[in-house]
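With mmCIF, C-alpha atoms and all ligand atoms inside, this is query_39.cif:
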data_work
#
loop_
_atom_site.label_atom_id
_atom_site.label_comp_id
_atom_site.auth_asym_id
_atom_site.auth_seq_id
_atom_site.Cartn_x
_atom_site.Cartn_y
_atom_site.Cartn_z
CA MET A 2 68.98 178.42 187.76
CA ALA A 3 70.79 175.08 187.73
CA GLU A 4 68.12 172.83 186.18
CA ASN A 5 70.66 170.54 184.50
CA LEU A 6 69.17 171.37 181.09
CA LEU A 7 72.41 170.30 179.39
CA LYS A 8 73.29 167.32 181.55
CA GLY A 9 75.42 164.85 179.59
CA LYS A 10 75.76 167.20 176.62
CA LYS A 11 79.05 168.23 175.06
CA GLY A 12 79.68 171.49 173.29
CA ILE A 13 82.18 173.74 171.55
CA ILE A 14 82.12 177.45 172.34
CA PHE A 15 83.72 179.86 169.88
CA GLY A 16 84.48 183.47 170.83
CA ALA A 17 85.10 183.92 174.57
CA LEU A 18 87.62 186.77 174.57
CA ASN A 19 87.06 188.28 178.02
CA GLU A 20 84.43 188.38 180.75
CA MET A 21 82.28 190.79 178.73
CA SER A 22 82.05 188.40 175.76
CA ILE A 23 78.63 186.87 175.16
CA ALA A 24 80.42 183.53 174.59
CA TRP A 25 82.02 183.78 178.04
CA GLN A 26 78.60 184.01 179.66
CA VAL A 27 77.27 181.19 177.50
CA ALA A 28 80.17 178.95 178.52
CA GLU A 29 79.56 179.65 182.22
CA LYS A 30 75.81 179.02 181.95
CA ALA A 31 76.21 175.89 179.82
CA LYS A 32 78.62 174.46 182.40
CA GLU A 33 76.22 175.43 185.20
CA GLN A 34 73.54 173.42 183.35
CA GLY A 35 75.71 170.30 183.28
CA ALA A 36 77.53 170.50 179.91
CA ASP A 37 81.14 169.55 179.17
CA LEU A 38 82.90 172.10 177.01
CA ILE A 39 85.75 172.83 174.67
CA LEU A 40 86.64 176.50 174.30
CA THR A 41 88.10 177.90 171.11
CA ASN A 42 89.18 181.24 169.73
CA ALA A 43 91.55 182.68 167.13
CA PRO A 44 95.24 182.14 167.98
CA ILE A 45 95.68 185.92 168.33
CA ALA A 46 92.95 186.07 170.99
CA MET A 47 94.75 183.32 172.95
CA ARG A 48 97.71 185.60 173.43
CA MET A 49 95.62 187.91 175.56
CA GLY A 50 95.39 184.98 177.94
CA GLU A 51 92.00 185.59 179.53
CA ILE A 52 90.43 182.51 177.95
CA ASN A 53 92.75 180.36 180.09
CA THR A 54 91.15 181.77 183.24
CA LEU A 55 87.75 180.64 181.97
CA ALA A 56 89.15 177.27 180.88
CA LYS A 57 90.51 176.64 184.36
CA LYS A 58 87.27 177.66 186.02
CA LEU A 59 85.18 175.41 183.76
CA ASP A 60 87.72 172.60 183.52
CA ALA A 61 87.55 172.86 179.71
CA PRO A 62 90.37 172.41 177.21
CA VAL A 63 91.21 175.31 174.90
CA ILE A 64 91.91 174.57 171.24
CA ALA A 65 93.03 177.47 169.05
CA ALA A 66 91.32 177.81 165.67
CA ASP A 67 91.09 180.70 163.25
CA ALA A 68 87.50 180.44 161.98
CA THR A 69 88.62 181.57 158.51
CA ARG A 70 90.98 178.57 158.16
CA ASP A 71 89.52 175.22 157.17
CA ASP A 72 92.61 173.33 158.39
CA ASP A 73 92.21 174.80 161.87
CA LEU A 74 88.50 173.96 161.96
CA ASN A 75 89.04 170.41 160.70
CA ALA A 76 91.69 169.88 163.40
CA LEU A 77 89.40 171.40 166.04
CA PHE A 78 86.56 168.97 165.29
CA GLU A 79 88.95 166.01 165.06
CA GLN A 80 90.51 166.87 168.41
CA SER A 81 87.11 167.44 169.97
CA MET A 82 85.93 163.99 168.81
CA THR A 83 89.04 162.44 170.35
CA HIS A 84 88.59 164.40 173.57
CA PHE A 85 84.90 163.57 173.98
CA GLY A 86 85.13 160.08 172.44
CA GLY A 87 82.47 161.05 169.88
CA GLY A 88 80.48 163.96 168.52
CA VAL A 89 79.32 167.15 170.21
CA ASP A 90 75.73 168.15 170.94
CA PHE A 91 76.02 171.88 170.47
CA VAL A 92 78.20 174.60 168.96
CA LEU A 93 78.13 178.32 169.65
CA HIS A 94 79.43 180.56 166.84
CA SER A 95 80.09 183.89 168.56
CA ILE A 96 82.50 185.48 166.11
CA GLY A 97 82.57 188.93 164.60
CA MET A 98 85.12 191.44 163.37
CA SER A 99 85.27 194.10 160.67
CA PRO A 100 88.62 195.64 159.72
CA ASN A 101 86.66 198.50 158.07
CA VAL A 102 84.87 199.28 161.36
CA ARG A 103 88.07 198.87 163.32
CA LYS A 104 90.00 201.26 161.07
CA GLY A 105 87.18 203.77 160.72
CA PHE A 106 86.40 203.38 157.00
CA PRO A 107 82.83 204.54 156.30
CA TYR A 108 80.53 202.15 154.40
CA THR A 109 80.66 204.26 151.22
CA ALA A 110 84.47 204.23 151.20
CA SER A 111 85.07 200.63 152.28
CA ASN A 112 88.38 198.97 151.65
CA HIS A 113 87.25 195.91 149.67
CA ASP A 114 90.02 193.64 150.89
CA PHE A 115 88.88 194.46 154.40
CA TYR A 116 85.27 193.97 153.31
CA LEU A 117 86.06 190.43 152.14
CA LYS A 118 87.74 189.77 155.50
CA THR A 119 84.63 190.99 157.31
CA LEU A 120 82.46 188.61 155.29
CA ASP A 121 84.87 185.73 155.86
CA ILE A 122 85.33 186.23 159.61
CA SER A 123 81.79 187.25 160.51
CA GLY A 124 79.65 185.40 157.94
CA LEU A 125 81.31 182.68 155.89
CA SER A 126 83.03 181.28 159.01
CA LEU A 127 79.67 179.77 160.04
CA HIS A 128 79.65 177.81 156.77
CA ARG A 129 83.25 176.74 157.35
CA VAL A 130 82.41 175.55 160.88
CA LEU A 131 79.31 173.67 159.74
CA GLN A 132 81.06 172.08 156.77
CA ALA A 133 84.01 170.92 158.90
CA ALA A 134 81.53 169.31 161.32
CA TYR A 135 79.29 167.87 158.56
CA GLU A 136 82.17 166.21 156.72
CA ARG A 137 83.34 164.48 159.93
CA ASP A 138 79.89 163.76 161.28
CA ALA A 139 81.07 165.65 164.37
CA ILE A 140 77.65 166.81 165.65
CA ASN A 141 75.32 164.24 167.22
CA GLU A 142 71.73 163.68 166.13
CA TRP A 143 69.41 166.43 167.43
CA GLY A 144 72.45 168.64 167.97
CA SER A 145 72.12 172.42 167.96
CA VAL A 146 74.24 175.15 166.39
CA VAL A 147 73.66 178.80 167.31
CA GLY A 148 75.20 181.88 165.69
CA LEU A 149 74.89 185.43 167.00
CA THR A 150 73.64 188.22 164.79
CA TYR A 151 72.24 191.75 164.82
CA ILE A 152 69.12 193.41 163.35
CA ALA A 153 71.32 195.48 161.00
CA ALA A 154 70.91 192.44 158.71
CA GLN A 155 67.29 193.58 158.09
CA ARG A 156 67.27 197.32 158.81
CA VAL A 157 69.83 200.06 158.25
CA PHE A 158 72.09 201.11 161.12
CA PRO A 159 74.54 203.34 159.25
CA ASP A 160 77.60 202.89 161.46
CA TYR A 161 77.29 199.11 161.62
CA ASN A 162 78.96 199.27 158.22
CA ASP A 163 79.92 196.08 156.34
CA MET A 164 79.05 194.02 159.41
CA ALA A 165 75.41 194.41 158.34
CA ASP A 166 76.15 192.56 155.11
CA ALA A 167 78.13 189.91 156.96
CA LYS A 168 75.19 189.34 159.32
CA SER A 169 72.81 188.93 156.34
CA LEU A 170 75.17 186.28 155.01
CA LEU A 171 75.40 184.61 158.42
CA GLU A 172 71.61 184.39 158.76
CA SER A 173 71.27 183.03 155.24
CA ILE A 174 73.89 180.35 155.88
CA ALA A 175 72.05 179.31 159.06
CA ARG A 176 68.90 178.79 156.96
CA SER A 177 70.57 177.00 154.06
CA PHE A 178 72.87 174.75 156.10
CA GLY A 179 70.05 174.22 158.59
CA TYR A 180 68.09 172.54 155.80
CA HIS A 181 70.91 170.19 154.79
CA TYR A 182 72.04 169.34 158.33
CA GLY A 183 68.43 168.82 159.39
CA VAL A 184 67.84 166.29 156.62
CA LYS A 185 71.14 164.54 157.21
CA LYS A 186 71.25 164.33 161.00
CA LYS A 187 68.38 166.30 162.56
CA VAL A 188 70.91 168.97 163.55
CA ARG A 189 69.29 172.37 163.99
CA VAL A 190 70.91 175.67 163.06
CA ASN A 191 69.62 179.06 164.25
CA THR A 192 70.80 182.61 164.75
CA ILE A 193 69.96 184.80 167.72
CA SER A 194 69.57 188.48 166.92
CA GLN A 195 70.78 190.10 170.13
CA SER A 196 70.27 193.61 171.57
CA PRO A 197 73.34 195.87 171.43
CA THR A 198 75.60 194.69 174.24
CA MET A 199 78.69 196.28 175.80
CA THR A 200 81.49 193.96 174.68
CA THR A 201 84.82 194.39 172.88
CA ALA A 202 83.21 193.78 169.44
CA GLY A 203 80.16 195.92 170.25
CA SER A 204 82.05 198.94 171.49
CA GLY A 205 84.04 199.04 168.21
CA VAL A 206 80.94 200.55 166.54
CA LYS A 207 80.98 204.38 166.37
CA GLY A 208 78.78 206.06 169.02
CA PHE A 209 77.96 202.68 170.55
CA ASP A 210 76.91 204.02 173.97
CA LYS A 211 74.23 206.26 172.37
CA PHE A 212 73.15 203.34 170.24
CA VAL A 213 72.70 201.18 173.35
CA ALA A 214 70.68 203.93 175.08
CA TYR A 215 68.45 204.39 172.00
CA ALA A 216 67.75 200.66 171.70
CA ASP A 217 66.98 200.49 175.41
CA ALA A 218 64.46 203.35 175.13
CA MET A 219 62.87 201.70 172.07
CA SER A 220 62.47 198.25 173.64
CA PRO A 221 59.39 197.58 175.80
CA LEU A 222 61.46 195.22 177.97
CA GLY A 223 64.70 197.20 177.66
CA ASN A 224 67.88 195.76 176.15
CA ALA A 225 68.66 192.12 176.76
CA ASP A 226 72.10 191.76 178.35
CA ALA A 227 74.78 189.13 177.70
CA SER A 228 73.66 187.00 180.62
CA ALA A 229 70.06 186.82 179.32
CA CYS A 230 71.42 186.01 175.86
CA ALA A 231 73.37 183.15 177.41
CA ASP A 232 70.15 181.80 178.99
CA TYR A 233 68.50 181.87 175.56
CA CYS A 234 71.46 180.04 174.00
CA VAL A 235 71.23 177.36 176.69
CA SER A 236 67.54 176.87 175.90
CA LEU A 237 68.38 176.44 172.21
CA PHE A 238 71.06 173.86 173.06
CA SER A 239 68.60 171.97 175.25
CA ASP A 240 66.10 169.28 174.25
CA HIS A 241 63.22 171.70 174.85
CA THR A 242 63.72 173.35 171.44
CA ARG A 243 64.30 170.33 169.23
CA TYR A 244 62.03 171.43 166.38
CA VAL A 245 63.32 175.00 166.14
CA THR A 246 65.62 175.31 163.17
CA MET A 247 66.64 177.64 160.30
CA GLN A 248 65.30 180.61 162.28
CA ASN A 249 66.58 184.05 163.05
CA LEU A 250 65.32 184.58 166.59
CA PHE A 251 65.10 188.10 168.01
CA HIS A 252 66.34 188.40 171.57
CA ASP A 253 65.97 192.15 171.90
CA GLY A 254 63.29 193.07 174.44
CA GLY A 255 60.80 193.76 171.64
CA PHE A 256 62.94 196.30 169.74
CA SER A 257 62.48 194.60 166.35
CA LEU A 258 58.68 195.04 166.32
CA THR A 259 58.46 198.46 167.95
CA GLY A 260 57.84 201.34 165.53
CA VAL A 261 58.32 204.02 168.14
CA SER A 262 58.12 204.12 171.94
CA ASN A 263 56.75 206.79 174.26
CA ALA A 264 60.20 207.05 175.84
CA VAL A 265 61.71 208.03 172.48
CA MET A 266 58.74 210.31 171.57
CA ASP A 267 59.20 212.15 174.87
CA LYS A 268 62.69 213.18 173.79
CA PHE A 269 61.08 215.13 170.91
CA SER A 270 58.36 216.84 172.96
CA GLU A 271 58.75 220.58 173.55
CA GLU A 272 58.09 220.67 177.29
N1 LIG B 1 77.91 193.18 171.32
C1 LIG B 1 76.82 193.42 170.61
O1 LIG B 1 76.22 194.51 170.66
C2 LIG B 1 76.27 192.35 169.73
C3 LIG B 1 74.93 192.44 169.30
C4 LIG B 1 74.44 191.45 168.44
C5 LIG B 1 75.28 190.42 168.03
N2 LIG B 1 76.59 190.37 168.48
C6 LIG B 1 77.44 189.28 168.01
O2 LIG B 1 77.82 188.48 169.09
C7 LIG B 1 79.02 187.78 168.73
C8 LIG B 1 80.01 187.88 169.87
O3 LIG B 1 80.48 189.19 170.02
P1 LIG B 1 80.67 189.89 171.42
O4 LIG B 1 79.81 191.09 171.40
O5 LIG B 1 80.58 188.91 172.53
O6 LIG B 1 82.17 190.47 171.31
P2 LIG B 1 83.61 189.81 171.55
O7 LIG B 1 84.57 190.78 170.98
O8 LIG B 1 83.77 189.46 172.98
O9 LIG B 1 83.58 188.46 170.67
C9 LIG B 1 83.95 188.40 169.31
C10 LIG B 1 84.86 187.19 169.19
O10 LIG B 1 85.18 186.91 167.83
C11 LIG B 1 86.48 186.32 167.87
N3 LIG B 1 87.10 186.28 166.54
C12 LIG B 1 87.42 187.35 165.75
N4 LIG B 1 88.03 186.90 164.64
C13 LIG B 1 88.08 185.54 164.73
C14 LIG B 1 88.60 184.52 163.90
N5 LIG B 1 89.20 184.79 162.72
N6 LIG B 1 88.49 183.23 164.30
C15 LIG B 1 87.89 182.91 165.48
N7 LIG B 1 87.38 183.85 166.31
C16 LIG B 1 87.49 185.14 165.94
C17 LIG B 1 87.21 187.25 168.82
O11 LIG B 1 88.48 186.74 169.25
C18 LIG B 1 86.20 187.38 169.93
O12 LIG B 1 86.36 186.36 170.89
C19 LIG B 1 79.50 188.40 167.41
O13 LIG B 1 79.02 187.61 166.33
C20 LIG B 1 78.77 189.73 167.42
O14 LIG B 1 78.63 190.29 166.14
C21 LIG B 1 77.07 191.30 169.33
#
Would you mind giving the structure from this file in structure tokens?
Amino acid sequence: MAENLLKGKKGIIFGALNEMSIAWQVAEKAKEQGADLILTNAPIAMRMGEINTLAKKLDAPVIAADATRDDDLNALFEQSMTHFGGGVDFVLHSIGMSPNVRKGFPYTASNHDFYLKTLDISGLSLHRVLQAAYERDAINEWGSVVGLTYIAAQRVFPDYNDMADAKSLLESIARSFGYHYGVKKKVRVNTISQSPTMTTAGSGVKGFDKFVAYADAMSPLGNADASACADYCVSLFSDHTRYVTMQNLFHDGGFSLTGVSNAVMDKFSEE
């Protein structure tokens, strides 16, 4: 599907950790569609080295930035403006981590220092990214910023833990900053609410494989995978979606509006 939807566009992709990462797929598809990229991730993720394989393949520089550090983000946007000789046209925020989930603390016994870290890494970081760009005028007119989220922001998924609260914050920031950036520069800001997907972050959630199977059985189209999510991101970076902003867009095979499916009901039948 190389339609050159992003020909001449420049973008920054946060969050490609390994081949399973949604951001990895987005980077590959954006390049396929003609974009020039900068890849970024937290310094600790760099040490695992896999991002360099992607960078080589896509001929994209890698700039380390911890998304909870304003200095790192300011430097990232300054270096990207030098590299591209101007602003970028799109940014993917594909960042999530909860120390409470990672260390197995249940929601009702959260460690609150960890909780604040979850909010900072997985929610507030979108504000930090947008503010760093806004202050430097680092995103071109009609640019597009996409963050990735999950339906636990609206409905309870008990083991998603404090990530649910971080995703609510993330979606709210997309709306609020989307207003201001729209007025200032016609930059659009949206979140994509993605089906559960087998990645490093996803599989940190307790019982994730059952969770994936349940969502698949509940979705008329089945779960959307990382590659389909990447296609959707590309469409949101493209000029075909210029008036879509401040939205939380469900990319979940219909899960969000399905009350119950026959496939799930069948599991409760006696025969
Ligand atoms: N996998 C799923 O089921 C699923 C579903 C819906 C939404 N999402 C969201 O998609 C996004 C991408 O996750 P993924 O599933 O591809 O997993 P992933 O583990 O591949 O990606 C998460 C990324 O966040 C990065 N990160 C963590 N802390 C950071 C920091 N301080 N600064 C910069 N980067 C940091 C990690 O290095 C990693 O690259 C996340 O926002 C996640 O919540 C995932």
To test the calculation: enclose all listed atoms of stretch 219-223 of chain A in a box whose edges run along x, y and z, add 3 Å on each side, then state centre and edge lengths in Å to one decimal, as lines of an AutoDock Vina configuration file.
center_x = 62.0
center_y = 198.5
center_z = 175.0
size_x = 11.3
size_y = 12.5
size_z = 11.9
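One distance worth recording is that between atom CA of A:Ala68 and atom CA of A:Ala153, which is 22.1 Å.
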> Counting all atoms listed in the file, which protein, DNA or RNA residues come within 6 Å of ligand LIG 1 (chain B), given as JSON, numbers by chain?
Replying inline: {"A": [16, 17, 18, 22, 23, 24, 42, 43, 46, 67, 68, 69, 95, 96, 97, 98, 122, 149, 150, 151, 194, 195, 196, 197, 198, 199, 200, 201, 202, 203]}
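Excluding A:Gly255 and any residue on its chain fewer than 6 positions from it, the residues at most 9 Å away by only C-alpha atoms are Met219, Ser220, Pro221, Leu222, Gly223 and Asn224 of chain A.
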>> With distances taken over only C-alpha atoms, which residue among A:Met164, A:Val157, A:Leu74, A:Val27 lies nearest A:Asp121?
In response: A:Met164
>> With distances taken over all atoms listed in the file, which residue among A:Ser177, A:Ser228, A:Asn101, A:Thr54 lies nearest A:Asn162?
In response: A:Asn101
> Do you know which residues are at most 12 Å from stretch 84-91 of chain A counting only C-alpha atoms, after dropping those on the same chain fewer than 3 positions away, and could you put them as a PyMOL selection string?
Replying inline: chain A and resi 7-15+27-28+31+36-39+61-64+76-81+94+131+134-135+137-148+186-191+234-240+243
> Which one of A:Ala133, A:Val265, A:Met49, A:Val245 sits closest to A:Asp71 if you count all atoms listed in the file?
Replying inline: A:Ala133
> Between A:Ala3, A:Ser111, A:Asp217, A:Asn19, which is the closest to A:Ser262 once you count all atoms listed in the file?
Replying inline: A:Asp217
>> Would you pick out the contacts of A:Gln248 at 9 Å or less, using only C-alpha atoms, so that residues sharing its chain but fewer than 6 positions from it are not included, and give the list as a ChimeraX atom specification?
In response: /A:172,175-176,179,190-193
> Given the choices A:Leu6, A:Leu125, A:Leu250, A:Ala66, which gets closest to A:Glu33 if the distance is worked out from only C-alpha atoms?
Replying inline: A:Leu6
>> With distances taken over all atoms listed in the file, which residue among A:Glu51, A:Asp160, A:Glu136, A:Asp232 lies nearest A:Pro107?
In response: A:Asp160
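Selection around (81.1, 200.9, 163.3) with radius 10 Å, counting all atoms listed in the file, yields the residues Ser99, Pro100, Asn101, Val102, Arg103, Lys104, Gly105, Phe106, Pro107, Tyr108, Phe158, Pro159, Asp160, Tyr161, Asn162, Asp163, Met164, Ala165, Ala202, Gly203, Ser204, Gly205, Val206, Lys207, Gly208 and Phe209 of chain A.
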> Mind pulling up the distance from atom CA of A:Asn112 to atom CA of A:His128?
Replying inline: 23.5 Å
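Picture a line from atom CA of A:His252 to atom CA of A:Cys230; it runs 7.1 Å.
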